[in-house]
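Content type compact mmCIF, N, CA and C atoms, from the file work_1.txt:
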# COMPACT_ATOMS: atom_id res chain seq x y z
N MET A 1 36.28 -19.40 -27.89
CA MET A 1 36.45 -18.05 -27.41
C MET A 1 35.83 -17.08 -28.43
N PRO A 2 34.91 -16.20 -28.01
CA PRO A 2 34.28 -15.28 -28.94
C PRO A 2 35.28 -14.25 -29.48
N ALA A 3 35.01 -13.81 -30.70
CA ALA A 3 35.88 -12.81 -31.32
C ALA A 3 35.68 -11.45 -30.67
N GLU A 4 36.73 -10.69 -30.61
CA GLU A 4 36.67 -9.33 -30.07
C GLU A 4 35.93 -8.43 -31.06
N PRO A 5 35.27 -7.37 -30.59
CA PRO A 5 34.54 -6.46 -31.49
C PRO A 5 35.40 -5.93 -32.63
N GLU A 6 36.66 -5.61 -32.37
CA GLU A 6 37.55 -5.09 -33.43
C GLU A 6 37.79 -6.15 -34.50
N GLN A 7 37.96 -7.41 -34.07
CA GLN A 7 38.16 -8.50 -35.04
C GLN A 7 36.91 -8.68 -35.89
N LEU A 8 35.75 -8.57 -35.29
CA LEU A 8 34.51 -8.70 -36.04
C LEU A 8 34.38 -7.58 -37.07
N ARG A 9 34.71 -6.36 -36.67
CA ARG A 9 34.63 -5.23 -37.60
C ARG A 9 35.59 -5.44 -38.77
N GLN A 10 36.78 -5.91 -38.50
CA GLN A 10 37.75 -6.13 -39.57
C GLN A 10 37.29 -7.22 -40.51
N SER A 11 36.75 -8.32 -39.98
CA SER A 11 36.30 -9.40 -40.86
C SER A 11 35.09 -8.97 -41.68
N LEU A 12 34.18 -8.18 -41.10
CA LEU A 12 33.04 -7.66 -41.85
C LEU A 12 33.50 -6.68 -42.93
N SER A 13 34.48 -5.85 -42.60
CA SER A 13 35.01 -4.90 -43.57
C SER A 13 35.67 -5.63 -44.73
N THR A 14 36.42 -6.68 -44.43
CA THR A 14 37.08 -7.48 -45.46
C THR A 14 36.04 -8.15 -46.35
N ALA A 15 35.00 -8.72 -45.74
CA ALA A 15 33.95 -9.37 -46.51
C ALA A 15 33.23 -8.36 -47.40
N THR A 16 32.97 -7.18 -46.87
CA THR A 16 32.29 -6.15 -47.64
C THR A 16 33.16 -5.70 -48.80
N ASP A 17 34.45 -5.51 -48.57
CA ASP A 17 35.37 -5.10 -49.63
C ASP A 17 35.44 -6.18 -50.70
N ARG A 18 35.49 -7.42 -50.30
CA ARG A 18 35.54 -8.54 -51.26
C ARG A 18 34.27 -8.58 -52.08
N GLU A 19 33.13 -8.44 -51.44
CA GLU A 19 31.86 -8.45 -52.18
C GLU A 19 31.80 -7.26 -53.14
N ARG A 20 32.29 -6.12 -52.72
CA ARG A 20 32.29 -4.93 -53.58
C ARG A 20 33.16 -5.17 -54.82
N ARG A 21 34.31 -5.82 -54.64
CA ARG A 21 35.18 -6.13 -55.78
C ARG A 21 34.53 -7.15 -56.70
N ILE A 22 33.82 -8.12 -56.12
CA ILE A 22 33.11 -9.12 -56.93
C ILE A 22 32.01 -8.45 -57.74
N ARG A 23 31.23 -7.59 -57.08
CA ARG A 23 30.18 -6.86 -57.81
C ARG A 23 30.78 -5.97 -58.90
N GLY A 24 31.95 -5.39 -58.64
CA GLY A 24 32.62 -4.57 -59.64
C GLY A 24 33.05 -5.36 -60.86
N ALA A 25 33.35 -6.63 -60.68
CA ALA A 25 33.72 -7.49 -61.81
C ALA A 25 32.50 -7.92 -62.60
N ILE A 26 31.35 -8.00 -61.94
CA ILE A 26 30.12 -8.46 -62.59
C ILE A 26 29.39 -7.32 -63.28
N ASP A 27 29.38 -6.14 -62.69
CA ASP A 27 28.60 -5.01 -63.20
C ASP A 27 28.83 -4.66 -64.67
N PRO A 28 30.07 -4.66 -65.19
CA PRO A 28 30.25 -4.30 -66.60
C PRO A 28 29.54 -5.25 -67.57
N THR A 29 29.12 -6.40 -67.10
CA THR A 29 28.45 -7.38 -67.95
C THR A 29 26.99 -7.00 -68.21
N GLN A 30 26.45 -6.10 -67.43
CA GLN A 30 25.04 -5.76 -67.52
C GLN A 30 24.78 -4.81 -68.68
N ARG A 31 24.63 -5.39 -69.87
CA ARG A 31 24.39 -4.61 -71.08
C ARG A 31 23.83 -5.52 -72.16
N ASP A 32 23.54 -4.94 -73.31
CA ASP A 32 23.10 -5.70 -74.49
C ASP A 32 21.86 -6.54 -74.22
N GLY A 33 20.97 -6.08 -73.37
CA GLY A 33 19.73 -6.80 -73.12
C GLY A 33 19.87 -7.98 -72.18
N GLY A 34 21.05 -8.17 -71.65
CA GLY A 34 21.27 -9.26 -70.70
C GLY A 34 21.75 -8.72 -69.38
N ASP A 35 21.70 -9.56 -68.39
CA ASP A 35 22.12 -9.13 -67.06
C ASP A 35 22.76 -10.32 -66.34
N CYS A 36 23.61 -10.00 -65.41
CA CYS A 36 24.26 -11.01 -64.59
C CYS A 36 24.04 -10.61 -63.14
N HIS A 37 23.37 -11.45 -62.38
CA HIS A 37 23.03 -11.15 -60.99
C HIS A 37 23.89 -11.98 -60.05
N LEU A 38 24.44 -11.33 -59.04
CA LEU A 38 25.17 -12.04 -58.00
C LEU A 38 24.15 -12.72 -57.10
N ILE A 39 24.23 -14.03 -56.97
CA ILE A 39 23.30 -14.80 -56.15
C ILE A 39 23.89 -15.04 -54.77
N GLY A 40 25.17 -15.37 -54.72
CA GLY A 40 25.78 -15.63 -53.42
C GLY A 40 27.27 -15.87 -53.54
N ILE A 41 27.94 -15.73 -52.41
CA ILE A 41 29.37 -15.98 -52.32
C ILE A 41 29.58 -16.97 -51.18
N HIS A 42 30.18 -18.09 -51.51
CA HIS A 42 30.45 -19.12 -50.50
C HIS A 42 31.92 -19.50 -50.61
N GLY A 43 32.74 -18.83 -49.81
CA GLY A 43 34.18 -19.09 -49.86
C GLY A 43 34.74 -18.73 -51.22
N GLY A 44 35.27 -19.72 -51.91
CA GLY A 44 35.85 -19.50 -53.23
C GLY A 44 34.88 -19.69 -54.37
N ARG A 45 33.59 -19.84 -54.06
CA ARG A 45 32.57 -20.01 -55.11
C ARG A 45 31.71 -18.75 -55.19
N VAL A 46 31.52 -18.27 -56.41
CA VAL A 46 30.67 -17.11 -56.65
C VAL A 46 29.53 -17.58 -57.55
N MET A 47 28.29 -17.51 -57.04
CA MET A 47 27.13 -17.95 -57.80
C MET A 47 26.49 -16.75 -58.48
N VAL A 48 26.23 -16.89 -59.79
CA VAL A 48 25.59 -15.84 -60.57
C VAL A 48 24.45 -16.44 -61.39
N ARG A 49 23.53 -15.58 -61.78
CA ARG A 49 22.44 -15.99 -62.67
C ARG A 49 22.43 -15.05 -63.86
N LEU A 50 22.51 -15.61 -65.06
CA LEU A 50 22.39 -14.84 -66.28
C LEU A 50 20.91 -14.73 -66.62
N THR A 51 20.47 -13.52 -66.98
CA THR A 51 19.07 -13.30 -67.33
C THR A 51 18.97 -12.52 -68.63
N GLY A 52 17.74 -12.36 -69.10
CA GLY A 52 17.51 -11.58 -70.32
C GLY A 52 18.12 -12.26 -71.53
N ALA A 53 18.73 -11.46 -72.38
CA ALA A 53 19.31 -11.97 -73.63
C ALA A 53 20.42 -12.98 -73.39
N PHE A 54 21.08 -12.93 -72.24
CA PHE A 54 22.16 -13.88 -71.96
C PHE A 54 21.66 -15.32 -71.84
N THR A 55 20.40 -15.51 -71.47
CA THR A 55 19.91 -16.88 -71.30
C THR A 55 19.79 -17.61 -72.63
N LEU A 56 19.59 -16.87 -73.72
CA LEU A 56 19.45 -17.50 -75.03
C LEU A 56 20.71 -17.40 -75.88
N CYS A 57 21.68 -16.64 -75.41
CA CYS A 57 22.88 -16.39 -76.19
C CYS A 57 23.76 -17.64 -76.25
N LYS A 58 24.21 -17.97 -77.46
CA LYS A 58 25.08 -19.13 -77.63
C LYS A 58 26.49 -18.87 -77.12
N LEU A 59 26.79 -17.59 -76.89
CA LEU A 59 28.12 -17.23 -76.39
C LEU A 59 28.11 -16.95 -74.89
N SER A 60 27.09 -17.41 -74.18
CA SER A 60 27.03 -17.15 -72.74
C SER A 60 28.22 -17.78 -72.00
N LYS A 61 28.74 -18.88 -72.51
CA LYS A 61 29.92 -19.48 -71.88
C LYS A 61 31.13 -18.55 -71.98
N VAL A 62 31.22 -17.84 -73.09
CA VAL A 62 32.30 -16.87 -73.27
C VAL A 62 32.11 -15.72 -72.28
N THR A 63 30.87 -15.27 -72.11
CA THR A 63 30.56 -14.22 -71.13
C THR A 63 30.99 -14.66 -69.74
N LEU A 64 30.66 -15.89 -69.37
CA LEU A 64 31.04 -16.41 -68.05
C LEU A 64 32.56 -16.49 -67.88
N LYS A 65 33.26 -16.87 -68.94
CA LYS A 65 34.72 -16.93 -68.87
C LYS A 65 35.30 -15.53 -68.68
N GLY A 66 34.70 -14.53 -69.32
CA GLY A 66 35.15 -13.15 -69.15
C GLY A 66 34.94 -12.66 -67.72
N ILE A 67 33.77 -12.99 -67.16
CA ILE A 67 33.49 -12.62 -65.77
C ILE A 67 34.48 -13.32 -64.84
N GLN A 68 34.73 -14.60 -65.09
CA GLN A 68 35.68 -15.37 -64.28
C GLN A 68 37.05 -14.71 -64.29
N ALA A 69 37.53 -14.31 -65.48
CA ALA A 69 38.84 -13.68 -65.59
C ALA A 69 38.88 -12.35 -64.83
N ARG A 70 37.81 -11.56 -64.91
CA ARG A 70 37.76 -10.29 -64.18
C ARG A 70 37.75 -10.53 -62.67
N LEU A 71 37.04 -11.57 -62.23
CA LEU A 71 37.01 -11.89 -60.80
C LEU A 71 38.40 -12.22 -60.28
N VAL A 72 39.09 -13.08 -60.99
CA VAL A 72 40.43 -13.48 -60.58
C VAL A 72 41.36 -12.27 -60.57
N ASP A 73 41.22 -11.40 -61.57
CA ASP A 73 42.05 -10.20 -61.65
C ASP A 73 41.76 -9.24 -60.50
N LYS A 74 40.49 -8.99 -60.20
CA LYS A 74 40.12 -8.04 -59.14
C LYS A 74 40.40 -8.56 -57.74
N LEU A 75 40.25 -9.87 -57.55
CA LEU A 75 40.43 -10.45 -56.21
C LEU A 75 41.86 -10.90 -55.94
N SER A 76 42.65 -11.09 -56.99
CA SER A 76 44.01 -11.63 -56.87
C SER A 76 44.00 -12.98 -56.18
N GLU A 77 42.97 -13.73 -56.43
CA GLU A 77 42.85 -15.10 -55.91
C GLU A 77 41.96 -15.90 -56.85
N TRP A 78 42.09 -17.19 -56.80
CA TRP A 78 41.27 -18.04 -57.64
C TRP A 78 39.89 -18.22 -57.01
N VAL A 79 38.85 -17.98 -57.80
CA VAL A 79 37.49 -18.26 -57.38
C VAL A 79 36.81 -19.01 -58.51
N ARG A 80 35.81 -19.78 -58.15
CA ARG A 80 35.07 -20.54 -59.15
C ARG A 80 33.73 -19.86 -59.38
N LEU A 81 33.44 -19.53 -60.62
CA LEU A 81 32.17 -18.91 -60.99
C LEU A 81 31.18 -20.01 -61.32
N ASN A 82 30.05 -20.03 -60.60
CA ASN A 82 29.02 -21.04 -60.82
C ASN A 82 27.74 -20.39 -61.31
N PRO A 83 27.33 -20.66 -62.56
CA PRO A 83 26.04 -20.16 -63.01
C PRO A 83 24.92 -20.96 -62.34
N VAL A 84 23.89 -20.26 -61.90
CA VAL A 84 22.76 -20.88 -61.21
C VAL A 84 21.52 -20.63 -62.06
N ALA A 85 20.73 -21.65 -62.26
CA ALA A 85 19.50 -21.53 -63.04
C ALA A 85 18.34 -21.13 -62.15
N ALA A 86 17.44 -20.33 -62.70
CA ALA A 86 16.18 -20.03 -62.02
C ALA A 86 15.30 -21.26 -62.15
N ALA A 87 14.24 -21.33 -61.38
CA ALA A 87 13.33 -22.47 -61.44
C ALA A 87 12.84 -22.65 -62.88
N GLY A 88 12.96 -23.85 -63.40
CA GLY A 88 12.49 -24.15 -64.74
C GLY A 88 13.48 -23.85 -65.85
N GLU A 89 14.66 -23.34 -65.52
CA GLU A 89 15.67 -23.02 -66.52
C GLU A 89 16.77 -24.08 -66.50
N ALA A 90 17.44 -24.21 -67.63
CA ALA A 90 18.60 -25.10 -67.70
C ALA A 90 19.85 -24.23 -67.77
N VAL A 91 20.91 -24.66 -67.15
CA VAL A 91 22.19 -23.97 -67.23
C VAL A 91 23.02 -24.69 -68.27
N ASN A 92 23.57 -23.93 -69.24
CA ASN A 92 24.39 -24.53 -70.30
C ASN A 92 25.69 -25.04 -69.76

Exercise: express the given structure as structure tokens:
Amino acid sequence: MPAEPEQLRQSLSTATDRERRIRGAIDPTQRDGGDCHLIGIHGGRVMVRLTGAFTLCKLSKVTLKGIQARLVDKLSEWVRLNPVAAAGEAVN
């Protein structure tokens, strides 16, 4: 049975709000010559790519843990943060 237009609007609004909160958790990380890009959201998995100075930083795992903690705090649910490598890059 197809969803009613109101149900579709509510689910799209919820998805948009969730993505906005996820982006809000990631945005403060964009500093110090590094950047964190949201690649995709698949259920409880949030894929990000670290670029710039973050790719060479030995503390990038700490940065990812900080982002993870902000995500859980903003969403009030458990999500898994997955770093994604660009072509030719290795993920630590």

Inset, instruction - Please provide the set of residues having any atom within 8 Å of Ala69 of chain A, restricted to all atoms listed in the file, with same-chain residues fewer than 6 positions apart removed, written as a list of chain:residue names. - result: A:Ala25, A:Thr63, A:Leu75

Inset, instruction - Going by DSSP on the backbone, which bits of segment 9-65 of chain A are strand (DSSP E)? Write them as a count of residues only, please. - result: 17

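When the distance limit is 6 Å and all atoms listed in the file are what count, the residues near Gly52 of chain A, minus those fewer than 6 positions from it on the same chain, are Gly33, Gly34 and Asp35 of chain A.
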
Legend entry - Atom pair atom CA of Ile22 of chain A / atom CA of Lys58 of chain A: separation (Å): 24.4 Å

Inset, instruction - Find the spatial neighbours of Val48 of chain A, counting all atoms listed in the file, within a cut-off of 7 Å - ignore same-chain residues fewer than 2 positions away - and output them as a VMD selection string. - result: chain A and resid 36 to 40 46 50 81 to 85

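A straight line drawn from atom CA of Cys57 of chain A to atom CA of Arg23 of chain A is 22.0 Å long.
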
Inset, instruction - Using atom CA of His42 of chain A and atom CA of Pro28 of chain A as the two end points, give the distance in Å to one decimal. - result: 21.9 Å

Legend entry - Best match for closeness to Leu71 of chain A among A:Ile41, A:Arg20, A:Arg49, A:Ile26, counting only C-alpha atoms: A:Ile26

Selection near Gly43 of chain A, 8 Å with all atoms listed in the file, sequence-local residues under 5 positions removed, as a PDB file with N, CA and C atoms, keeping the file's coordinate frame:
ATOM      1  N   TRP A  78      42.090 -17.190 -56.800  1.00  0.00           N
ATOM      2  CA  TRP A  78      41.270 -18.040 -57.640  1.00  0.00           C
ATOM      3  C   TRP A  78      39.890 -18.220 -57.010  1.00  0.00           C
ATOM      4  N   VAL A  79      38.850 -17.980 -57.800  1.00  0.00           N
ATOM      5  CA  VAL A  79      37.490 -18.260 -57.380  1.00  0.00           C
ATOM      6  C   VAL A  79      36.810 -19.010 -58.510  1.00  0.00           C
ATOM      7  N   ARG A  80      35.810 -19.780 -58.150  1.00  0.00           N
ATOM      8  CA  ARG A  80      35.070 -20.540 -59.150  1.00  0.00           C
ATOM      9  C   ARG A  80      33.730 -19.860 -59.380  1.00  0.00           C
TER      10      ARG A  80
END

Legend entry - Test item, helix (DSSP H, G or I) assignment across segment 29-85 of chain A, answer as a ChimeraX atom specification: /A:29,53-55,60-75
